[in-house]
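Shown below: data-v2.txt, with compact mmCIF, C-alpha atoms and all ligand atoms.
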# COMPACT_ATOMS: atom_id res chain seq x y z
CA MET Q 1 128.18 101.35 128.30
CA MET Q 2 126.89 100.01 124.99
CA ILE Q 3 123.42 101.51 124.33
CA ILE Q 4 121.04 99.09 122.65
CA ASP Q 5 118.11 101.01 121.24
CA PHE Q 6 114.97 98.96 120.60
CA ARG Q 7 112.59 101.93 120.85
CA SER Q 8 112.03 102.15 117.11
CA ASP Q 9 113.54 101.39 113.73
CA THR Q 10 113.66 105.16 113.25
CA PHE Q 11 116.77 105.47 115.45
CA THR Q 12 119.20 104.13 112.86
CA LYS Q 13 122.17 106.20 111.68
CA PRO Q 14 123.33 106.19 108.04
CA THR Q 15 126.03 103.60 107.41
CA PRO Q 16 129.41 104.66 105.94
CA GLY Q 17 128.29 103.31 102.56
CA MET Q 18 125.10 105.34 102.71
CA LEU Q 19 126.98 108.49 103.71
CA LYS Q 20 129.35 107.98 100.78
CA ALA Q 21 126.38 107.61 98.42
CA MET Q 22 125.03 110.90 99.77
CA THR Q 23 128.23 112.84 99.21
CA GLU Q 24 128.49 111.55 95.65
CA ALA Q 25 124.84 112.23 94.78
CA ALA Q 26 123.74 114.38 91.90
CA THR Q 27 121.16 116.99 92.85
CA GLY Q 28 119.01 119.73 91.35
CA ASP Q 29 115.71 121.45 92.18
CA ASP Q 30 112.95 118.86 92.56
CA VAL Q 31 110.15 121.45 92.50
CA PHE Q 32 111.31 122.07 88.93
CA GLY Q 33 111.52 118.28 88.42
CA GLU Q 34 115.27 118.63 87.93
CA ASP Q 35 116.77 116.59 90.73
CA PRO Q 36 118.31 113.56 88.99
CA SER Q 37 118.56 111.45 92.16
CA ILE Q 38 114.92 112.04 93.12
CA ASN Q 39 113.83 111.33 89.56
CA GLU Q 40 115.83 108.11 89.57
CA LEU Q 41 114.42 107.03 92.95
CA GLU Q 42 110.85 107.74 91.86
CA ALA Q 43 111.26 105.85 88.58
CA MET Q 44 112.93 102.92 90.31
CA MET Q 45 110.28 102.64 93.01
CA ALA Q 46 107.43 102.89 90.50
CA ALA Q 47 109.00 100.08 88.46
CA TYR Q 48 109.66 97.99 91.59
CA PHE Q 49 105.99 98.03 92.60
CA GLY Q 50 104.64 98.05 89.04
CA LYS Q 51 103.02 101.47 89.43
CA GLU Q 52 102.93 104.21 86.79
CA ALA Q 53 104.42 106.93 88.96
CA ALA Q 54 105.94 107.81 92.31
CA MET Q 55 106.66 110.87 94.41
CA TYR Q 56 109.33 111.38 97.07
CA CYS Q 57 108.03 112.87 100.33
CA PRO Q 58 109.74 114.07 103.50
CA SER Q 59 107.85 111.59 105.73
CA GLY Q 60 105.48 108.65 105.72
CA THR Q 61 102.88 110.74 107.44
CA MET Q 62 102.96 113.25 104.60
CA SER Q 63 102.67 110.48 101.98
CA ASN Q 64 99.64 108.98 103.74
CA GLN Q 65 97.99 112.33 104.30
CA ILE Q 66 98.45 113.38 100.68
CA ALA Q 67 96.96 110.09 99.50
CA ILE Q 68 93.95 110.49 101.77
CA LYS Q 69 93.46 114.11 100.67
CA VAL Q 70 93.59 113.21 96.98
CA HIS Q 71 91.24 110.22 97.34
CA THR Q 72 88.51 111.99 99.35
CA GLN Q 73 86.28 115.06 99.46
CA PRO Q 74 85.60 116.96 102.73
CA GLY Q 75 82.89 115.15 104.70
CA ASP Q 76 83.75 111.75 103.24
CA GLU Q 77 84.38 108.69 105.38
CA VAL Q 78 87.60 106.68 105.43
CA ILE Q 79 87.50 103.06 106.59
CA CYS Q 80 90.52 101.77 108.51
CA SER Q 81 91.48 99.78 111.59
CA ASP Q 82 90.99 101.42 114.99
CA VAL Q 83 94.76 101.13 115.57
CA ALA Q 84 95.81 102.35 112.12
CA HIS Q 85 98.73 104.79 112.07
CA VAL Q 86 96.74 107.09 109.75
CA TYR Q 87 94.06 107.29 112.45
CA ILE Q 88 95.82 107.27 115.81
CA TYR Q 89 99.35 108.54 115.10
CA GLU Q 90 99.03 111.28 112.49
CA GLY Q 91 97.80 114.09 114.71
CA GLY Q 92 94.20 114.03 113.51
CA GLY Q 93 95.57 114.68 110.03
CA ILE Q 94 92.64 113.05 108.24
CA ALA Q 95 90.29 115.68 109.72
CA PHE Q 96 92.83 118.51 109.45
CA ASN Q 97 94.09 117.93 105.92
CA ALA Q 98 91.24 116.17 104.14
CA GLY Q 99 88.24 117.25 106.25
CA ALA Q 100 87.21 113.61 106.19
CA GLN Q 101 86.07 111.41 109.07
CA VAL Q 102 87.07 107.90 110.03
CA ARG Q 103 85.08 104.69 110.41
CA ALA Q 104 87.44 102.78 112.68
CA LEU Q 105 86.98 99.00 112.70
CA GLU Q 106 88.20 96.60 115.37
CA GLY Q 107 90.44 94.17 113.56
CA ASP Q 108 92.77 91.32 114.41
CA ARG Q 109 96.06 93.03 115.33
CA GLY Q 110 95.14 96.01 113.17
CA MET Q 111 94.07 93.88 110.21
CA ILE Q 112 90.47 94.22 109.03
CA THR Q 113 88.52 91.84 106.78
CA ALA Q 114 86.61 92.24 103.53
CA ALA Q 115 83.37 91.34 105.35
CA GLN Q 116 83.98 94.12 107.88
CA VAL Q 117 84.72 96.62 105.12
CA ALA Q 118 81.60 95.61 103.18
CA ALA Q 119 79.45 96.03 106.29
CA ALA Q 120 80.94 99.47 107.06
CA ILE Q 121 80.20 101.09 103.70
CA ASN Q 122 77.48 103.71 104.07
CA PRO Q 123 74.36 103.48 101.91
CA ASP Q 124 73.58 106.27 99.44
CA ASP Q 125 71.57 108.30 101.97
CA VAL Q 126 71.84 112.05 102.72
CA HIS Q 127 72.12 111.30 106.45
CA LYS Q 128 75.35 109.43 105.87
CA ALA Q 129 78.90 110.42 105.00
CA THR Q 130 80.06 109.22 101.60
CA THR Q 131 82.43 106.29 102.05
CA SER Q 132 85.24 106.81 99.56
CA LEU Q 133 88.45 105.21 100.80
CA VAL Q 134 89.81 102.17 102.61
CA CYS Q 135 93.26 102.30 104.22
CA LEU Q 136 95.17 99.16 105.19
CA GLU Q 137 98.53 98.93 106.98
CA ASN Q 138 101.16 96.28 106.17
CA THR Q 139 102.97 95.38 108.30
CA SER Q 140 100.65 96.50 111.07
CA ASN Q 141 102.59 98.54 113.62
CA ARG Q 142 100.25 98.10 116.62
CA GLY Q 143 99.69 94.53 115.47
CA GLY Q 144 103.30 93.68 116.35
CA GLY Q 145 104.54 93.88 112.76
CA CYS Q 146 102.09 91.28 111.45
CA CYS Q 147 101.65 90.68 107.71
CA TYR Q 148 98.32 90.84 105.91
CA ASP Q 149 97.07 87.76 104.10
CA VAL Q 150 97.19 88.71 100.40
CA GLU Q 151 94.03 86.70 99.76
CA GLU Q 152 92.15 88.83 102.27
CA ILE Q 153 93.54 91.98 100.65
CA THR Q 154 92.29 90.65 97.30
CA ARG Q 155 88.81 90.21 98.79
CA ILE Q 156 88.97 93.75 100.21
CA LYS Q 157 90.04 95.05 96.81
CA ASN Q 158 87.02 93.36 95.21
CA VAL Q 159 84.71 94.99 97.74
CA CYS Q 160 86.33 98.35 96.98
CA ARG Q 161 86.01 97.85 93.23
CA ASP Q 162 82.34 96.85 93.50
CA ASN Q 163 81.60 99.91 95.64
CA HIS Q 164 83.76 102.48 93.83
CA LEU Q 165 86.10 102.94 96.80
CA LYS Q 166 89.80 103.67 96.55
CA LEU Q 167 92.25 101.42 98.37
CA HIS Q 168 95.40 102.88 99.97
CA LEU Q 169 98.20 100.96 101.65
CA ASP Q 170 100.20 102.46 104.50
CA GLY Q 171 103.27 100.42 103.72
CA ALA Q 172 105.65 102.12 106.14
CA ARG Q 173 107.12 98.64 106.72
CA LEU Q 174 106.04 96.98 103.47
CA PHE Q 175 109.63 95.90 102.81
CA ASN Q 176 109.57 93.92 106.07
CA ALA Q 177 106.40 92.17 104.89
CA LEU Q 178 107.89 91.42 101.46
CA VAL Q 179 111.00 89.88 103.00
CA ALA Q 180 109.06 87.89 105.61
CA THR Q 181 106.52 86.44 103.16
CA GLY Q 182 108.51 86.32 99.94
CA GLU Q 183 105.65 88.07 98.14
CA ASN Q 184 106.18 89.98 94.90
CA PRO Q 185 106.11 93.78 95.32
CA LYS Q 186 104.12 94.04 92.09
CA THR Q 187 101.29 92.08 93.72
CA PHE Q 188 100.84 95.05 96.04
CA GLY Q 189 101.12 97.48 93.15
CA GLU Q 190 98.24 95.64 91.47
CA LEU Q 191 96.04 95.38 94.56
CA PHE Q 192 96.27 98.97 95.76
CA ASP Q 193 95.42 102.24 94.04
CA THR Q 194 98.15 103.91 96.07
CA ILE Q 195 100.96 102.84 98.39
CA SER Q 196 103.20 104.78 100.76
CA VAL Q 197 106.49 103.21 101.82
CA CYS Q 198 108.93 104.56 104.41
CA LEU Q 199 112.66 104.87 103.85
CA ASN Q 200 113.33 106.15 107.38
CA LYS Q 201 112.38 102.87 109.13
CA GLY Q 202 113.93 99.50 108.35
CA MET Q 203 115.58 100.86 105.23
CA GLY Q 204 117.85 102.95 107.45
CA CYS Q 205 117.65 106.29 105.61
CA PRO Q 206 117.75 109.58 107.52
CA MET Q 207 114.41 110.66 106.05
CA GLY Q 208 111.88 110.10 103.37
CA SER Q 209 108.98 108.15 102.04
CA VAL Q 210 107.72 107.36 98.57
CA LEU Q 211 104.09 107.58 97.47
CA LEU Q 212 103.11 105.39 94.52
CA GLY Q 213 100.10 105.53 92.22
CA SER Q 214 98.83 106.25 88.72
CA THR Q 215 100.25 109.11 86.68
CA ALA Q 216 97.06 111.14 87.22
CA PHE Q 217 97.08 110.47 90.96
CA ILE Q 218 100.73 111.52 91.36
CA LYS Q 219 100.03 114.71 89.37
CA SER Q 220 97.34 115.64 91.92
CA ALA Q 221 99.56 114.47 94.78
CA ARG Q 222 102.32 116.87 93.69
CA ARG Q 223 99.92 119.80 94.03
CA VAL Q 224 98.96 118.74 97.56
CA ARG Q 225 102.59 118.13 98.55
CA LYS Q 226 103.44 121.68 97.44
CA LYS Q 227 100.58 123.12 99.52
CA LEU Q 228 101.81 121.24 102.58
CA GLY Q 229 105.30 122.66 102.11
CA GLY Q 230 106.66 119.27 101.12
CA GLY Q 231 108.04 120.36 97.74
CA LEU Q 232 111.75 119.72 98.12
CA ARG Q 233 114.57 121.50 96.38
CA GLN Q 234 118.12 120.07 96.49
CA ALA Q 235 117.07 116.83 98.17
CA GLY Q 236 118.98 114.51 95.85
CA TYR Q 237 121.41 113.87 98.72
CA MET Q 238 118.49 112.39 100.64
CA ALA Q 239 117.04 110.47 97.70
CA ALA Q 240 120.49 108.94 97.18
CA THR Q 241 120.08 107.22 100.56
CA GLY Q 242 116.89 105.63 99.25
CA LEU Q 243 118.63 104.39 96.11
CA TYR Q 244 121.40 102.99 98.30
CA ALA Q 245 118.93 101.29 100.65
CA MET Q 246 116.99 99.71 97.77
CA GLU Q 247 120.22 97.97 96.79
CA HIS Q 248 121.73 97.17 100.18
CA HIS Q 249 119.09 97.17 102.91
CA ILE Q 250 116.17 95.04 101.77
CA ALA Q 251 117.45 91.46 101.99
CA ARG Q 252 119.12 92.17 105.34
CA LEU Q 253 115.73 92.80 106.95
CA ALA Q 254 115.62 89.01 107.35
CA GLU Q 255 118.34 89.37 110.02
CA ASP Q 256 116.12 91.76 111.99
CA HIS Q 257 113.30 89.24 111.80
CA LEU Q 258 115.55 86.41 113.03
CA ASN Q 259 116.85 88.61 115.85
CA ALA Q 260 113.29 89.46 116.90
CA LYS Q 261 112.45 85.73 117.09
CA GLN Q 262 115.60 85.04 119.08
CA ILE Q 263 114.81 87.70 121.69
CA ALA Q 264 111.19 86.51 121.80
CA LYS Q 265 112.39 83.01 122.64
CA TYR Q 266 114.27 84.31 125.69
CA LEU Q 267 111.38 86.52 126.80
CA LEU Q 268 108.85 83.70 126.55
CA GLN Q 269 110.85 81.61 129.01
CA LYS Q 270 110.04 84.18 131.70
CA THR Q 271 106.93 83.86 133.86
CA PHE Q 272 106.67 87.66 134.04
CA VAL Q 273 106.17 87.82 130.28
CA GLY Q 274 102.52 87.31 129.44
CA HIS Q 275 100.83 87.35 126.07
CA MET Q 276 103.10 88.17 123.15
CA LEU Q 277 101.77 89.02 119.70
CA PRO Q 278 103.04 86.53 117.08
CA VAL Q 279 106.49 87.67 115.92
CA GLU Q 280 106.30 87.85 112.13
CA THR Q 281 108.81 90.61 111.35
CA ASN Q 282 110.93 93.09 113.33
CA ILE Q 283 108.52 94.12 116.12
CA LEU Q 284 107.93 92.53 119.52
CA ILE Q 285 104.86 93.51 121.54
CA PHE Q 286 104.26 91.69 124.82
CA ASP Q 287 102.54 92.00 128.18
CA VAL Q 288 104.46 92.04 131.43
CA GLN Q 289 102.72 90.60 134.48
CA ASP Q 290 103.12 89.48 138.13
CA ASP Q 291 105.13 92.17 139.94
CA TRP Q 292 106.33 93.79 136.72
CA THR Q 293 104.80 96.85 135.08
CA PRO Q 294 105.89 98.29 131.72
CA LYS Q 295 107.55 101.16 133.62
CA LEU Q 296 109.50 98.82 135.92
CA PHE Q 297 110.58 96.68 132.98
CA THR Q 298 111.64 99.74 130.96
CA ASP Q 299 113.63 101.16 133.92
CA TYR Q 300 115.32 97.83 134.60
CA MET Q 301 116.39 97.45 130.98
CA LYS Q 302 117.59 101.06 130.86
CA GLN Q 303 120.06 100.34 133.68
CA GLU Q 304 121.54 97.72 131.38
CA GLY Q 305 121.74 100.19 128.49
CA ILE Q 306 118.75 98.60 126.74
CA LEU Q 307 116.02 100.98 125.61
CA VAL Q 308 112.44 99.72 125.10
CA THR Q 309 109.05 101.46 124.88
CA PRO Q 310 106.08 100.99 127.20
CA ILE Q 311 103.07 101.34 124.86
CA SER Q 312 100.13 100.68 127.19
CA ASP Q 313 99.34 99.85 130.84
CA THR Q 314 100.53 96.29 130.21
CA GLN Q 315 102.58 96.25 127.01
CA ILE Q 316 106.19 96.72 125.96
CA ARG Q 317 107.34 97.23 122.38
CA MET Q 318 110.80 96.41 121.04
CA VAL Q 319 111.82 96.99 117.43
CA LEU Q 320 114.76 95.37 115.64
CA HIS Q 321 116.69 97.29 113.00
CA LEU Q 322 119.91 97.88 111.07
CA ASP Q 323 121.87 99.24 114.04
CA ILE Q 324 121.22 96.24 116.28
CA THR Q 325 124.33 94.05 116.00
CA PRO Q 326 124.62 90.32 116.83
CA GLU Q 327 126.61 91.36 119.92
CA MET Q 328 123.70 93.54 121.07
CA VAL Q 329 121.21 90.71 120.55
CA GLU Q 330 123.46 88.40 122.57
CA LYS Q 331 123.74 90.89 125.42
CA THR Q 332 119.97 91.48 125.43
CA CYS Q 333 119.27 87.75 125.59
CA ALA Q 334 121.78 87.37 128.43
CA VAL Q 335 120.17 90.22 130.40
CA ILE Q 336 116.73 88.66 129.94
CA ALA Q 337 118.02 85.23 130.96
CA HIS Q 338 119.25 86.67 134.27
CA MET Q 339 116.00 88.44 135.16
CA GLU Q 340 113.90 87.00 137.96
C1 LIG P 401 106.28 105.38 111.02
C2 LIG P 401 104.98 105.08 110.38
C3 LIG P 401 104.36 105.98 109.49
C4 LIG P 401 104.81 107.39 109.24
O1 LIG P 401 106.09 107.63 109.21
P1 LIG P 401 106.85 109.01 109.42
O2 LIG P 401 107.84 108.97 108.34
O3 LIG P 401 107.41 108.91 110.79
O4 LIG P 401 105.89 110.14 109.29
C5 LIG P 401 103.20 105.59 108.88
N1 LIG P 401 102.66 104.40 109.12
C6 LIG P 401 103.20 103.51 109.96
C7 LIG P 401 102.55 102.19 110.16
C8 LIG P 401 104.38 103.81 110.63
O5 LIG P 401 104.90 102.92 111.47
What does this structure look like when you write it as structure tokens?
Ligand SMILES: *Cc1c(COP(=O)(O)O)cnc(C)c1O
Amino acid sequence: MMIIDFRSDTFTKPTPGMLKAMTEAATGDDVFGEDPSINELEAMMAAYFGKEAAMYCPSGTMSNQIAIKVHTQPGDEVICSDVAHVYIYEGGGIAFNAGAQVRALEGDRGMITAAQVAAAINPDDVHKATTSLVCLENTSNRGGGCCYDVEEITRIKNVCRDNHLKLHLDGARLFNALVATGENPKTFGELFDTISVCLNKGMGCPMGSVLLGSTAFIKSARRVRKKLGGGLRQAGYMAATGLYAMEHHIARLAEDHLNAKQIAKYLLQKTFVGHMLPVETNILIFDVQDDWTPKLFTDYMKQEGILVTPISDTQIRMVLHLDITPEMVEKTCAVIAHME
């Protein structure tokens, strides 16, 4: 049976073209700064986002954690949404790696506002933790892949500037946001002190993330990456997948977004599908109701070869990606149409 895997956009396999790019890659020792493919990827990504420098990392979690560590001192406070990946899905890394604590704000689908940020900054008072960093996430994972309003980000940036706070973007799916909104990547480079982007999600690479920032920031970040064991040696074969994806896998994200909308249309015709978060990119998050539970829905779909994730007592998550073909979308819609 054809297996259709909507559990995450991290289940993609390298395409033949990507595998070929890997086998032909030049490599060296990146800890010595001598891996030509990593150097090329870092330079290209920095230029793409209009940042001075970039650093290749094994994972998005490591990129985020390094950024948080460099931007804070132990005992500082980091402001983010209460459903931010950096807060709820990185193993308590903010406390473990940076010794910092979190001020988690209840946002709209994981998106917080400038007014909320301004109100959450601690006064200069010995009783209080020093607020030093704000982290945003775009697209927002638990927000169903929603895209931040750039005007709101600009207001948040102004609050940060006025209060001497750093602003970091967890851009694991920033490419999805760029494709969905048509925004210029350099706008994000200007707004944020630092950005992490994932290559292992919609970009379809087997691993990797890139952390972007100023030259001075990346110099510090390289020291932290080494301490975490993230200094890579002959990883040019992996960086080559990133170079390949930058050329071949960005524009196609629009297909994932269209597919997500198509499946949403079929789901929303069903009375057992309750509230669905607005579908802006490649993620569907919806409630099941009546006699259906997320477990029943997941089991039913599994019998049809369709894999989805129950993410709460009421919600299902489905993620579109590179390995979901038109045929798979058609079959999924047909299965949904036949459900009672
Ligand atoms: C997947 C993800 C990450 C981290 O990615 P890994 O490479 O799996 O460590 C960070 N932020 C968000 C929003 C993500 O979805």
List all protein, DNA and RNA residues that have any atom at most 7 Å from ligand LIG 401 (chain P), counting all atoms listed in the file, and write the list as a compact mmCIF listing (two decimals) with C-alpha atoms, in the frame of the given file.
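Just written: out.txt:
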# COMPACT_ATOMS: atom_id res chain seq x y z
CA SER Q 59 107.85 111.59 105.73
CA GLY Q 60 105.48 108.65 105.72
CA THR Q 61 102.88 110.74 107.44
CA MET Q 62 102.96 113.25 104.60
CA HIS Q 85 98.73 104.79 112.07
CA VAL Q 86 96.74 107.09 109.75
CA GLU Q 137 98.53 98.93 106.98
CA SER Q 140 100.65 96.50 111.07
CA ASN Q 141 102.59 98.54 113.62
CA ASP Q 170 100.20 102.46 104.50
CA GLY Q 171 103.27 100.42 103.72
CA ALA Q 172 105.65 102.12 106.14
CA ARG Q 173 107.12 98.64 106.72
CA CYS Q 198 108.93 104.56 104.41
CA ASN Q 200 113.33 106.15 107.38
CA LYS Q 201 112.38 102.87 109.13
CA GLY Q 208 111.88 110.10 103.37
CA SER Q 209 108.98 108.15 102.04
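Among the candidates Q:Leu212, Q:Ile336, Q:Met301, Q:Leu284, the residue lying nearest to Met318 in chain Q is Q:Leu284 (atoms considered: all atoms listed in the file).
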request  = Quick one: residues within 9 Å of (115.0, 120.4, 92.7) (file frame), counting all atoms listed in the file, please, as an MDAnalysis selection string.
outcome  = chainID Q and resid 27:36 38 231:236
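Using only C-alpha atoms, the nearest neighbour of Val335 in chain Q within the list Q:Met111, Q:Ile263, Q:Ala21, Q:Ile68 is Q:Ile263.
For Ile4 in chain Q, the list of residues within 8 Å, based on all atoms listed in the file and with local chain neighbours fewer than 2 positions off taken out, reads Met2, Phe6, Gly305, Ile306, Leu307, Ile324 and Met328 of chain Q.
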ask   = What is the distance between CA of Met207 in chain Q and CA of Thr23 in chain Q, in Å to one decimal?
value = 15.6 Å
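Using only C-alpha atoms, the smallest distance between any of Q:Leu268, Q:Leu253, Q:Ala337, Q:Leu296 and Val319 in chain Q comes from Q:Leu253.
Separating CA of Ala120 in chain Q from CA of Lys186 in chain Q is a distance of 28.1 Å.
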ask   = From the list Q:Gly145, Q:Ser214, Q:Ile121, Q:Met246, which residue is nearest Asp162 in chain Q when using all atoms listed in the file?
value = Q:Ile121
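Considering all atoms listed in the file, the residue among Q:Val279, Q:Val273, Q:Leu322, Q:Val197 positioned nearest to His249 in chain Q is Q:Leu322.
Using only C-alpha atoms for every distance, the candidate list Q:Cys147, Q:Ala251, Q:Ile218, Q:Val78 yields Q:Val78 as the residue closest to Ile94 in chain Q.
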Skip Gly99 in chain Q itself and residues of its chain fewer than 5 positions away, then list as a compact mmCIF listing (two decimals) with C-alpha atoms, in the coordinates of the input all residues within 8 Å of it, counting only C-alpha atoms.
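Listing of selection.txt after writing:
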# COMPACT_ATOMS: atom_id res chain seq x y z
CA GLN Q 73 86.28 115.06 99.46
CA PRO Q 74 85.60 116.96 102.73
CA GLY Q 75 82.89 115.15 104.70
CA ASP Q 76 83.75 111.75 103.24
CA ILE Q 94 92.64 113.05 108.24
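CA of Ile250 in chain Q is found 14.7 Å from CA of Gly17 in chain Q.
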ask   = Is there a way to get, as a list in words, all residues within 8 Å of the point (98.6, 88.6, 123.8) in file coordinates, counting all atoms listed in the file?
value = Gly274, His275, Met276, Leu277, Phe286 and Asp287 of chain Q
Report as JSON lines the residues of range 265-310 of chain Q within 12 Å of range 178-181 of chain Q, each with its shortest atom pair and distance in Å (one decimal), using all atoms listed in the file, ordered by chain and increasing residue number.
{"residue": "Q:Val279", "atom": "CA", "partner": "Q:Ala180", "partner_atom": "CA", "distance": 10.6}
{"residue": "Q:Glu280", "atom": "CA", "partner": "Q:Ala180", "partner_atom": "CA", "distance": 7.1}
{"residue": "Q:Thr281", "atom": "CA", "partner": "Q:Ala180", "partner_atom": "CA", "distance": 6.4}
{"residue": "Q:Asn282", "atom": "CA", "partner": "Q:Ala180", "partner_atom": "CA", "distance": 9.5}
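The environment of Gly189 in chain Q within 8 Å, counting all atoms listed in the file and disregarding residues fewer than 6 places along the same chain, consists of Phe49, Gly50, Lys51 and Ile195 of chain Q.
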Your completed range 75-82 of chain Q with all heavy atoms, as a short mmCIF file (atom, residue, chain, number, x, y, z; two decimals), in the coordinates of the input:
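Wrote part_24.cif, looks like this:
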data_model
loop_
_atom_site.label_atom_id
_atom_site.label_comp_id
_atom_site.auth_asym_id
_atom_site.auth_seq_id
_atom_site.Cartn_x
_atom_site.Cartn_y
_atom_site.Cartn_z
N GLY Q 75 84.14 115.78 104.27
CA GLY Q 75 82.89 115.15 104.70
C GLY Q 75 82.80 113.68 104.35
O GLY Q 75 81.89 112.99 104.80
N ASP Q 76 83.74 113.18 103.57
CA ASP Q 76 83.75 111.75 103.24
C ASP Q 76 84.17 110.92 104.45
O ASP Q 76 84.67 111.45 105.44
CB ASP Q 76 84.75 111.46 102.10
CG ASP Q 76 84.19 111.82 100.72
OD1 ASP Q 76 83.04 112.32 100.65
OD2 ASP Q 76 84.92 111.62 99.72
N GLU Q 77 83.97 109.61 104.31
CA GLU Q 77 84.38 108.69 105.38
C GLU Q 77 85.46 107.75 104.87
O GLU Q 77 85.38 107.22 103.76
CB GLU Q 77 83.16 107.89 105.87
CG GLU Q 77 83.36 107.28 107.24
CD GLU Q 77 82.03 106.97 107.92
OE1 GLU Q 77 81.51 105.86 107.72
OE2 GLU Q 77 81.50 107.83 108.65
N VAL Q 78 86.48 107.57 105.72
CA VAL Q 78 87.60 106.68 105.43
C VAL Q 78 87.50 105.47 106.35
O VAL Q 78 87.39 105.63 107.57
CB VAL Q 78 88.94 107.40 105.71
CG1 VAL Q 78 90.13 106.46 105.47
CG2 VAL Q 78 89.07 108.66 104.86
N ILE Q 79 87.55 104.28 105.78
CA ILE Q 79 87.50 103.06 106.59
C ILE Q 79 88.92 102.58 106.87
O ILE Q 79 89.74 102.46 105.96
CB ILE Q 79 86.72 101.94 105.84
CG1 ILE Q 79 85.25 102.34 105.68
CG2 ILE Q 79 86.86 100.60 106.58
CD1 ILE Q 79 84.43 101.36 104.83
N CYS Q 80 89.21 102.34 108.16
CA CYS Q 80 90.52 101.77 108.51
C CYS Q 80 90.40 101.07 109.87
O CYS Q 80 89.34 101.12 110.50
CB CYS Q 80 91.62 102.84 108.56
SG CYS Q 80 91.39 104.10 109.81
N SER Q 81 91.47 100.44 110.28
CA SER Q 81 91.48 99.78 111.59
C SER Q 81 91.51 100.84 112.69
O SER Q 81 92.00 101.95 112.49
CB SER Q 81 92.71 98.88 111.69
OG SER Q 81 93.29 98.95 112.97
N ASP Q 82 90.99 100.46 113.87
CA ASP Q 82 90.99 101.42 114.99
C ASP Q 82 92.38 101.64 115.58
O ASP Q 82 92.56 102.50 116.43
CB ASP Q 82 90.00 100.98 116.09
CG ASP Q 82 90.30 99.61 116.65
OD1 ASP Q 82 91.27 98.96 116.22
OD2 ASP Q 82 89.55 99.16 117.55
#
